[in-house]
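Here is the structure we will look at.
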Amino acid sequence: MSESKRFTRGQVLLLALVLCYIGLILLLPLGAIAVRALEAGPRALVNAVADPVAQEGLRLTLILAFIALVANGLFGVGAGLVLVRHRFLGRHLLDTLVDLPLAVSPVMTGLAFLLVFGRGGWLEPWLDLAGLKVSFAFPGLVLATLFVTFPFTLREVAYVLVELGSDEEEAAVTLGASPWQTFRLITLPNIRYGLGYGLVLTLARALGEFGAVLVIGGAITGHTQTATTFIYNAMEERQESAAYGMAFVLAVASVLFLLALEWIKRQRGKEK
Amino acid sequence: MSRVSSALNPERGGRMVRAAVLAYIGFLVLLPLAALVQQGLAGGMSALWQAISAPGARSALWLTLWSAAAMALINALMGTATAWALVRYRFPGRSFLSTLVDLPFAIPTLVTGVMLVILYGPHGLIGGWLNAADMKIAFAPPGILLALLFVTLPFVVRAAEPVLLEQDPAEEEAARTLGAGPFIIFLRVLLPPLVPAILSGTVRSFARALGEFGSIVVVSGNIPYKTLTTPIFIFGEIEAGSPQTAAAVSLVLLALAVVLTYAGRALEKWTGVRGV
């Protein structure tokens with residue numbers, strides 16, 4: 001590219017503008033949390049995270065993330081196949097519906113689940129009969145996490161499936177492969193990077209979900225308090241070092257996710 | 001239906017997968033949203049209107065709409081510029097920048113809010129200095145805008161990038177040979193195919209901004225009539241034990257979310273570019 005050798009003045013200006021913008025919006029805040037979390041030394045950071053309440057929140061969040069990963073990994077692949085390969089009535093409606101969790105405010109998600117499972121909710125009589133508690137309890141947290149992470153694997157898988165076309169699957173079927181063999185030997189290897197990308201996004205979103213689990217779970221210490229609601233409560237109680245410590249841990253995790261996403265993108269690029 | 005797709009999803013297995021998927025989506029997405037709509041409409045249209053037009057709700061909706069609109073405008077411009085720089089220029093740190101753009105997808109929004117408080121809060125790294133200069137960012141509308149710009153940064157960049165990558169340099173060359181200056185080339189040759197992609201990224205970022213909660217709730221200070229956005233207003237109503245008001249105001253955001261999601265999808269189909 002000819003532009004690459006020597007930049008004109010206009011190009012230098014544009015580049016400087018972009019770099020300043022990204023620096024101001026993204027890098028500066030990221031640097032700020034590193035400075036604050038580490039300024040009292042690594043020991044203070046370890047202490048903040050080793051606190052039993054913090055540990056409990058972190059453990060709950062990891063369990064929720066694991067459930068979301070498995071459930072939405074399976075359903076994402078299934079729903080991707082159904083949306084792309086099947087033709088049925090209401091498919092277009094479904095197409096918009098699966099995108100909706102991305103545009104609905106997490107607070108509204110929490111409220112919607114409260115209206116179904118909470119006190120006076122649609123399913124309350126049945127839940128009482130079964131002796132099940134969903135709102136302000138673990139099952140509510142699971143539902144909220146599943147809702148907000150639902151679209152990620154699905155979208156990535158569906159996108160790859162559309163790009164791929166069905167030629168290879170068609171050939172396998174013609175050669176006598178069963179549907180399960182076709183899926184395992186042809187479809188799954190072909191969608192693996194898309195699936196991986198979707199799963200990393202799912203994990204990141206599950207670890208970071210805040211609004212929905214706050215509303216449906218109530219952030220009860222030692223019971224429904226997750227890593228993010230721990231930070232929120234600590235901020236409210238002005239326990240800054242605890243809040244910043246946990247926030248720093250989550251920020252480091254997200255940088256790792258970012259690297260994983262980049263790695264998957266490169267692998268995919270190489271394959272093409 | 002082609003022979004193959006029916007062969008791929010033969011009678012039993014395929015139907016079972018489809019039924020499971022539909023049941024999952026129905027239970028997880030449709031059921032709660034239906035409950036929200038039902039509760040929002042439970043008091044009838046006049047009650048709905050009353051809840052939405054109450055001064056507190058109205059001012060929250062207004063703040064949410066204008067801050068999202070301001071964000072969308074900046075995002076459309078800076079997102080396009082960022083995509084342009086990433087695709088067209090070769091400079092040291094380019095791949096680092098390209099990775100960094102996705103950061104908002106990986107980081108919890110609440111952590112974004114905490115970062116902004118650390119930076120711009122009253123005891124923040126530069127907040128104290130800003131306070132001395134009588135400029136307020138945290139606990140004021142600029143803080144809301146910065147939070148929104150952070151969480152929506154990738155949308156326009158990732159929508160515009162593929163279109164820029166596909167542009168044929170021959171067209172640009174032809175325009176240059178015919179004597180067009182760089183500005184005219186940009187306006188007449190490069191920009192038109194980009195517009196739908198920029199639009200789809202902007203629409204998606206706008207939809208995302210309307211519902212943003214985690215980053216704003218810590219950085220805005222939630223001062224009624226000043227820095228209280230709609231999702232936080234809804235949260236307050238839930239906490240105060242009035243789910244009817246919360247659901248009614250939620251309906252406004254839900255209606256916008258449905259329309260914007262549909263518009264985003266339509267724009268993506270038109271351009272053939274996938275949004276994020």
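In the structure tokens, each chain is lettered A, B, ... as it comes, each chain's residues begin at 1, and ligands are numbered from 1 in order of appearance.
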Among region 212-266 of chain B, which residues does DSSP mark as alpha helix (DSSP H) when it is run on the backbone? Keep the chain and numbering as in the structure and answer as a PyMOL selection string. chain B and resi 214-219+230-239+243-266
Just how far from CA of Val82 (chain A) is CA of Phe152 (chain A), in Å to one decimal?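 About the pair CA of Phe152 (chain A) and CA of Val82 (chain A): they are 15.5 Å apart.
Taking CA of Thr182 (chain A) and CA of Glu169 (chain A) as the two end points, the separation is 6.2 Å.
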Could you list, as a PDB file with N, CA and C atoms, in the first residue's frame, every residue within 12 Å of region 258-267 of chain A, counting only C-alpha atoms and ignoring same-chain residues fewer than 2 positions away?
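As written to disk, around_10.pdb reads:
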```pdb
ATOM      1  N   ILE A 191     -17.016 -25.750  12.689  1.00  0.00           N
ATOM      2  CA  ILE A 191     -17.465 -24.578  13.456  1.00  0.00           C
ATOM      3  C   ILE A 191     -16.617 -24.357  14.699  1.00  0.00           C
ATOM      4  N   ARG A 192     -15.508 -25.110  14.868  1.00  0.00           N
ATOM      5  CA  ARG A 192     -14.846 -25.085  16.174  1.00  0.00           C
ATOM      6  C   ARG A 192     -14.322 -23.713  16.583  1.00  0.00           C
ATOM      7  N   TYR A 193     -13.792 -22.946  15.642  1.00  0.00           N
ATOM      8  CA  TYR A 193     -13.290 -21.624  16.033  1.00  0.00           C
ATOM      9  C   TYR A 193     -14.436 -20.667  16.362  1.00  0.00           C
ATOM     10  N   GLY A 194     -15.487 -20.735  15.573  1.00  0.00           N
ATOM     11  CA  GLY A 194     -16.661 -19.913  15.863  1.00  0.00           C
ATOM     12  C   GLY A 194     -17.229 -20.251  17.229  1.00  0.00           C
ATOM     13  N   LEU A 195     -17.305 -21.554  17.488  1.00  0.00           N
ATOM     14  CA  LEU A 195     -17.817 -22.017  18.777  1.00  0.00           C
ATOM     15  C   LEU A 195     -16.918 -21.542  19.916  1.00  0.00           C
ATOM     16  N   GLY A 196     -15.611 -21.670  19.710  1.00  0.00           N
ATOM     17  CA  GLY A 196     -14.657 -21.236  20.742  1.00  0.00           C
ATOM     18  C   GLY A 196     -14.794 -19.751  21.027  1.00  0.00           C
ATOM     19  N   TYR A 197     -14.922 -18.964  19.960  1.00  0.00           N
ATOM     20  CA  TYR A 197     -15.075 -17.520  20.102  1.00  0.00           C
ATOM     21  C   TYR A 197     -16.337 -17.196  20.908  1.00  0.00           C
ATOM     22  N   GLY A 198     -17.418 -17.867  20.544  1.00  0.00           N
ATOM     23  CA  GLY A 198     -18.679 -17.652  21.258  1.00  0.00           C
ATOM     24  C   GLY A 198     -18.583 -18.046  22.720  1.00  0.00           C
ATOM     25  N   LEU A 199     -17.859 -19.133  22.996  1.00  0.00           N
ATOM     26  CA  LEU A 199     -17.744 -19.597  24.377  1.00  0.00           C
ATOM     27  C   LEU A 199     -16.931 -18.621  25.233  1.00  0.00           C
ATOM     28  N   VAL A 200     -15.876 -18.051  24.650  1.00  0.00           N
ATOM     29  CA  VAL A 200     -15.086 -17.067  25.407  1.00  0.00           C
ATOM     30  C   VAL A 200     -15.950 -15.838  25.716  1.00  0.00           C
ATOM     31  N   LEU A 201     -16.728 -15.391  24.727  1.00  0.00           N
ATOM     32  CA  LEU A 201     -17.626 -14.249  24.964  1.00  0.00           C
ATOM     33  C   LEU A 201     -18.644 -14.582  26.057  1.00  0.00           C
ATOM     34  N   THR A 202     -19.166 -15.826  26.019  1.00  0.00           N
ATOM     35  CA  THR A 202     -20.128 -16.271  27.027  1.00  0.00           C
ATOM     36  C   THR A 202     -19.513 -16.211  28.424  1.00  0.00           C
ATOM     37  N   LEU A 203     -18.296 -16.730  28.520  1.00  0.00           N
ATOM     38  CA  LEU A 203     -17.592 -16.758  29.798  1.00  0.00           C
ATOM     39  C   LEU A 203     -17.366 -15.334  30.320  1.00  0.00           C
ATOM     40  N   ALA A 204     -16.909 -14.456  29.438  1.00  0.00           N
ATOM     41  CA  ALA A 204     -16.633 -13.079  29.836  1.00  0.00           C
ATOM     42  C   ALA A 204     -17.908 -12.396  30.333  1.00  0.00           C
ATOM     43  N   ALA A 251     -10.723  -7.364  35.885  1.00  0.00           N
ATOM     44  CA  ALA A 251     -10.112  -6.688  34.741  1.00  0.00           C
ATOM     45  C   ALA A 251      -8.990  -7.542  34.147  1.00  0.00           C
ATOM     46  N   VAL A 252      -8.190  -8.157  35.016  1.00  0.00           N
ATOM     47  CA  VAL A 252      -7.114  -9.035  34.526  1.00  0.00           C
ATOM     48  C   VAL A 252      -7.713 -10.218  33.762  1.00  0.00           C
ATOM     49  N   ALA A 253      -8.790 -10.804  34.327  1.00  0.00           N
ATOM     50  CA  ALA A 253      -9.455 -11.917  33.640  1.00  0.00           C
ATOM     51  C   ALA A 253      -9.923 -11.491  32.257  1.00  0.00           C
ATOM     52  N   SER A 254     -10.468 -10.269  32.165  1.00  0.00           N
ATOM     53  CA  SER A 254     -11.000  -9.868  30.859  1.00  0.00           C
ATOM     54  C   SER A 254      -9.878  -9.606  29.858  1.00  0.00           C
ATOM     55  N   VAL A 255      -8.724  -9.162  30.343  1.00  0.00           N
ATOM     56  CA  VAL A 255      -7.594  -9.012  29.424  1.00  0.00           C
ATOM     57  C   VAL A 255      -7.174 -10.389  28.886  1.00  0.00           C
ATOM     58  N   LEU A 256      -7.221 -11.401  29.757  1.00  0.00           N
ATOM     59  CA  LEU A 256      -6.920 -12.768  29.302  1.00  0.00           C
ATOM     60  C   LEU A 256      -7.944 -13.233  28.252  1.00  0.00           C
ATOM     61  N   GLY A 269      -7.930 -17.027  10.855  1.00  0.00           N
ATOM     62  CA  GLY A 269      -7.332 -16.357   9.702  1.00  0.00           C
ATOM     63  C   GLY A 269      -6.343 -17.263   8.979  1.00  0.00           C
ATOM     64  N   LYS A 270      -5.548 -17.999   9.754  1.00  0.00           N
ATOM     65  CA  LYS A 270      -4.562 -18.904   9.158  1.00  0.00           C
ATOM     66  C   LYS A 270      -5.237 -19.968   8.314  1.00  0.00           C
ATOM     67  N   GLU A 271      -6.375 -20.471   8.851  1.00  0.00           N
ATOM     68  CA  GLU A 271      -7.060 -21.554   8.162  1.00  0.00           C
ATOM     69  C   GLU A 271      -7.582 -21.104   6.810  1.00  0.00           C
ATOM     70  N   LYS A 272      -8.004 -19.831   6.763  1.00  0.00           N
ATOM     71  CA  LYS A 272      -8.509 -19.307   5.493  1.00  0.00           C
ATOM     72  C   LYS A 272      -7.341 -19.025   4.587  1.00  0.00           C
TER      73      LYS A 272
ATOM     74  N   SER B  95      -1.589  -3.859  15.635  1.00  0.00           N
ATOM     75  CA  SER B  95      -2.306  -5.068  16.034  1.00  0.00           C
ATOM     76  C   SER B  95      -2.708  -4.988  17.518  1.00  0.00           C
ATOM     77  N   PHE B  96      -1.896  -4.279  18.310  1.00  0.00           N
ATOM     78  CA  PHE B  96      -2.267  -4.033  19.711  1.00  0.00           C
ATOM     79  C   PHE B  96      -3.562  -3.223  19.768  1.00  0.00           C
ATOM     80  N   LEU B  97      -3.622  -2.186  18.937  1.00  0.00           N
ATOM     81  CA  LEU B  97      -4.814  -1.337  18.897  1.00  0.00           C
ATOM     82  C   LEU B  97      -6.028  -2.153  18.474  1.00  0.00           C
ATOM     83  N   SER B  98      -5.817  -3.019  17.480  1.00  0.00           N
ATOM     84  CA  SER B  98      -6.924  -3.822  16.967  1.00  0.00           C
ATOM     85  C   SER B  98      -7.458  -4.769  18.035  1.00  0.00           C
ATOM     86  N   THR B  99      -6.554  -5.339  18.842  1.00  0.00           N
ATOM     87  CA  THR B  99      -6.990  -6.210  19.941  1.00  0.00           C
ATOM     88  C   THR B  99      -7.722  -5.403  21.003  1.00  0.00           C
ATOM     89  N   LEU B 100      -7.166  -4.226  21.298  1.00  0.00           N
ATOM     90  CA  LEU B 100      -7.690  -3.392  22.371  1.00  0.00           C
ATOM     91  C   LEU B 100      -9.140  -2.955  22.125  1.00  0.00           C
ATOM     92  N   VAL B 101      -9.477  -2.779  20.837  1.00  0.00           N
ATOM     93  CA  VAL B 101     -10.810  -2.304  20.491  1.00  0.00           C
ATOM     94  C   VAL B 101     -11.896  -3.225  21.052  1.00  0.00           C
ATOM     95  N   ASP B 102     -11.598  -4.531  21.182  1.00  0.00           N
ATOM     96  CA  ASP B 102     -12.597  -5.469  21.677  1.00  0.00           C
ATOM     97  C   ASP B 102     -12.702  -5.505  23.200  1.00  0.00           C
ATOM     98  N   LEU B 103     -11.837  -4.767  23.893  1.00  0.00           N
ATOM     99  CA  LEU B 103     -11.816  -4.812  25.363  1.00  0.00           C
ATOM    100  C   LEU B 103     -13.203  -4.664  26.007  1.00  0.00           C
ATOM    101  N   PRO B 104     -14.017  -3.697  25.537  1.00  0.00           N
ATOM    102  CA  PRO B 104     -15.323  -3.536  26.182  1.00  0.00           C
ATOM    103  C   PRO B 104     -16.203  -4.784  26.144  1.00  0.00           C
ATOM    104  N   PHE B 105     -15.967  -5.702  25.192  1.00  0.00           N
ATOM    105  CA  PHE B 105     -16.756  -6.935  25.177  1.00  0.00           C
ATOM    106  C   PHE B 105     -16.305  -7.909  26.248  1.00  0.00           C
ATOM    107  N   ALA B 106     -15.075  -7.734  26.719  1.00  0.00           N
ATOM    108  CA  ALA B 106     -14.517  -8.707  27.653  1.00  0.00           C
ATOM    109  C   ALA B 106     -14.608  -8.227  29.092  1.00  0.00           C
ATOM    110  N   ILE B 107     -14.777  -6.939  29.299  1.00  0.00           N
ATOM    111  CA  ILE B 107     -14.681  -6.407  30.658  1.00  0.00           C
ATOM    112  C   ILE B 107     -16.078  -6.169  31.259  1.00  0.00           C
TER     113      ILE B 107
END
```
I'd like the neighbourhood of Gly140 (chain A) as a tab-separated table (two decimals) with C-alpha atoms, in the first residue's frame, where a residue qualifies if any of its atoms comes within 6 Å (using only C-alpha atoms), though same-chain residues fewer than 5 positions away should be ignored.
```
chain	number	residue	atom	x	y	z
A	134	VAL	CA	-35.95	-19.08	42.56
A	135	SER	CA	-35.83	-15.36	43.27
A	216	ILE	CA	-33.10	-11.25	40.84
```
Separating CA of Gly76 (chain A) from CA of Pro189 (chain A), to the nearest tenth of an Å, is a gap of 15.5 Å
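Candidate residues B:Ala197, B:Ala72, B:Leu164, B:Leu110 were compared for distance to chain A, and the nearest is B:Leu110, using only C-alpha atoms.
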Neighbouring residues of Pro142 (chain B) were defined as those with any atom within 10 Å, considering only C-alpha atoms; residues of the same chain fewer than 4 positions away were excluded. Please report them as a list in words. Ser67, Met135, Lys136, Ile137, Ala138, Leu146, Ala147, Leu148, Val219, Ser220 and Thr227 of chain B
Residue nearest chain B - candidates A:Asn72, A:Thr228, A:Gln55, A:Asn233, atoms counted: only C-alpha atoms: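 Nearest candidate to chain B out of A:Asn72, A:Thr228, A:Gln55, A:Asn233: A:Thr228.
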Residue contacts of Thr61 (chain A) (12 Å, only C-alpha atoms) excluding same-chain residues fewer than 2 positions away, as a PyMOL selection string: chain A and resi 54-59+63-68+138+141-142+145+203-210+213+219+223-230+250
Include N, CA and C atoms and write out the residues we just selected as a tab-separated table (two decimals), in the first residue's frame.
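Wrote result_23.tsv, looks like this:
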```tsv
chain	number	residue	atom	x	y	z
A	54	ALA	N	-15.24	-12.21	49.78
A	54	ALA	CA	-14.85	-12.03	48.38
A	54	ALA	C	-14.70	-13.38	47.69
A	55	GLN	N	-14.05	-14.31	48.40
A	55	GLN	CA	-13.84	-15.65	47.86
A	55	GLN	C	-15.16	-16.32	47.51
A	56	GLU	N	-16.12	-16.17	48.43
A	56	GLU	CA	-17.42	-16.81	48.22
A	56	GLU	C	-18.11	-16.24	46.98
A	57	GLY	N	-18.04	-14.91	46.83
A	57	GLY	CA	-18.62	-14.27	45.66
A	57	GLY	C	-17.97	-14.76	44.39
A	58	LEU	N	-16.66	-14.83	44.42
A	58	LEU	CA	-15.91	-15.27	43.24
A	58	LEU	C	-16.27	-16.70	42.89
A	59	ARG	N	-16.40	-17.55	43.93
A	59	ARG	CA	-16.72	-18.95	43.67
A	59	ARG	C	-18.10	-19.08	43.05
A	63	ILE	N	-19.09	-20.70	39.36
A	63	ILE	CA	-20.07	-21.78	39.16
A	63	ILE	C	-21.11	-21.35	38.12
A	64	LEU	N	-21.60	-20.10	38.25
A	64	LEU	CA	-22.59	-19.59	37.30
A	64	LEU	C	-22.02	-19.57	35.89
A	65	ALA	N	-20.76	-19.13	35.78
A	65	ALA	CA	-20.13	-19.05	34.46
A	65	ALA	C	-20.00	-20.44	33.85
A	66	PHE	N	-19.66	-21.42	34.68
A	66	PHE	CA	-19.51	-22.78	34.18
A	66	PHE	C	-20.85	-23.32	33.66
A	67	ILE	N	-21.92	-23.07	34.42
A	67	ILE	CA	-23.24	-23.53	33.98
A	67	ILE	C	-23.63	-22.86	32.66
A	68	ALA	N	-23.38	-21.56	32.57
A	68	ALA	CA	-23.71	-20.83	31.34
A	68	ALA	C	-22.92	-21.38	30.16
A	138	PHE	N	-30.15	-19.22	44.38
A	138	PHE	CA	-29.25	-19.65	43.34
A	138	PHE	C	-29.92	-19.86	41.97
A	141	LEU	N	-30.23	-16.73	39.96
A	141	LEU	CA	-28.95	-16.28	39.41
A	141	LEU	C	-28.61	-17.05	38.13
A	142	VAL	N	-28.89	-18.37	38.16
A	142	VAL	CA	-28.61	-19.20	36.99
A	142	VAL	C	-29.44	-18.71	35.80
A	145	THR	N	-28.21	-15.39	34.41
A	145	THR	CA	-26.94	-15.54	33.69
A	145	THR	C	-27.16	-16.22	32.34
A	203	LEU	N	-18.30	-16.73	28.52
A	203	LEU	CA	-17.59	-16.76	29.80
A	203	LEU	C	-17.37	-15.33	30.32
A	204	ALA	N	-16.91	-14.46	29.44
A	204	ALA	CA	-16.63	-13.08	29.84
A	204	ALA	C	-17.91	-12.40	30.33
A	205	ARG	N	-18.99	-12.59	29.59
A	205	ARG	CA	-20.24	-11.95	29.94
A	205	ARG	C	-20.79	-12.52	31.25
A	206	ALA	N	-20.65	-13.84	31.44
A	206	ALA	CA	-21.17	-14.48	32.65
A	206	ALA	C	-20.42	-13.99	33.88
A	207	LEU	N	-19.09	-13.88	33.77
A	207	LEU	CA	-18.29	-13.40	34.90
A	207	LEU	C	-18.64	-11.96	35.23
A	208	GLY	N	-19.00	-11.19	34.20
A	208	GLY	CA	-19.19	-9.77	34.41
A	208	GLY	C	-20.62	-9.34	34.61
A	209	GLU	N	-21.58	-10.27	34.51
A	209	GLU	CA	-22.97	-9.87	34.62
A	209	GLU	C	-23.24	-9.24	35.98
A	210	PHE	N	-23.97	-8.12	35.95
A	210	PHE	CA	-24.18	-7.40	37.19
A	210	PHE	C	-25.65	-7.07	37.44
A	213	VAL	N	-28.28	-10.09	37.89
A	213	VAL	CA	-28.10	-10.91	39.09
A	213	VAL	C	-28.33	-10.07	40.36
A	219	ALA	N	-28.16	-9.76	45.92
A	219	ALA	CA	-26.79	-9.59	46.43
A	219	ALA	C	-26.69	-9.81	47.93
A	223	HIS	N	-24.74	-15.58	50.23
A	223	HIS	CA	-25.84	-16.37	49.69
A	223	HIS	C	-26.00	-16.16	48.19
A	224	THR	N	-26.30	-14.91	47.79
A	224	THR	CA	-26.45	-14.65	46.36
A	224	THR	C	-25.51	-13.53	45.90
A	225	GLN	N	-24.46	-13.30	46.66
A	225	GLN	CA	-23.54	-12.24	46.27
A	225	GLN	C	-22.47	-12.79	45.31
A	226	THR	N	-22.44	-12.22	44.10
A	226	THR	CA	-21.47	-12.67	43.10
A	226	THR	C	-20.25	-11.74	43.15
A	227	ALA	N	-19.28	-11.99	42.28
A	227	ALA	CA	-18.08	-11.15	42.26
A	227	ALA	C	-18.44	-9.70	41.97
A	228	THR	N	-19.33	-9.46	40.99
A	228	THR	CA	-19.65	-8.07	40.65
A	228	THR	C	-20.50	-7.41	41.73
A	229	THR	N	-21.48	-8.15	42.27
A	229	THR	CA	-22.30	-7.52	43.31
A	229	THR	C	-21.49	-7.31	44.59
A	230	PHE	N	-20.44	-8.12	44.78
A	230	PHE	CA	-19.51	-7.87	45.88
A	230	PHE	C	-18.85	-6.50	45.72
A	250	LEU	N	-11.09	-9.00	38.10
A	250	LEU	CA	-11.96	-9.18	36.94
A	250	LEU	C	-11.38	-8.52	35.69
```
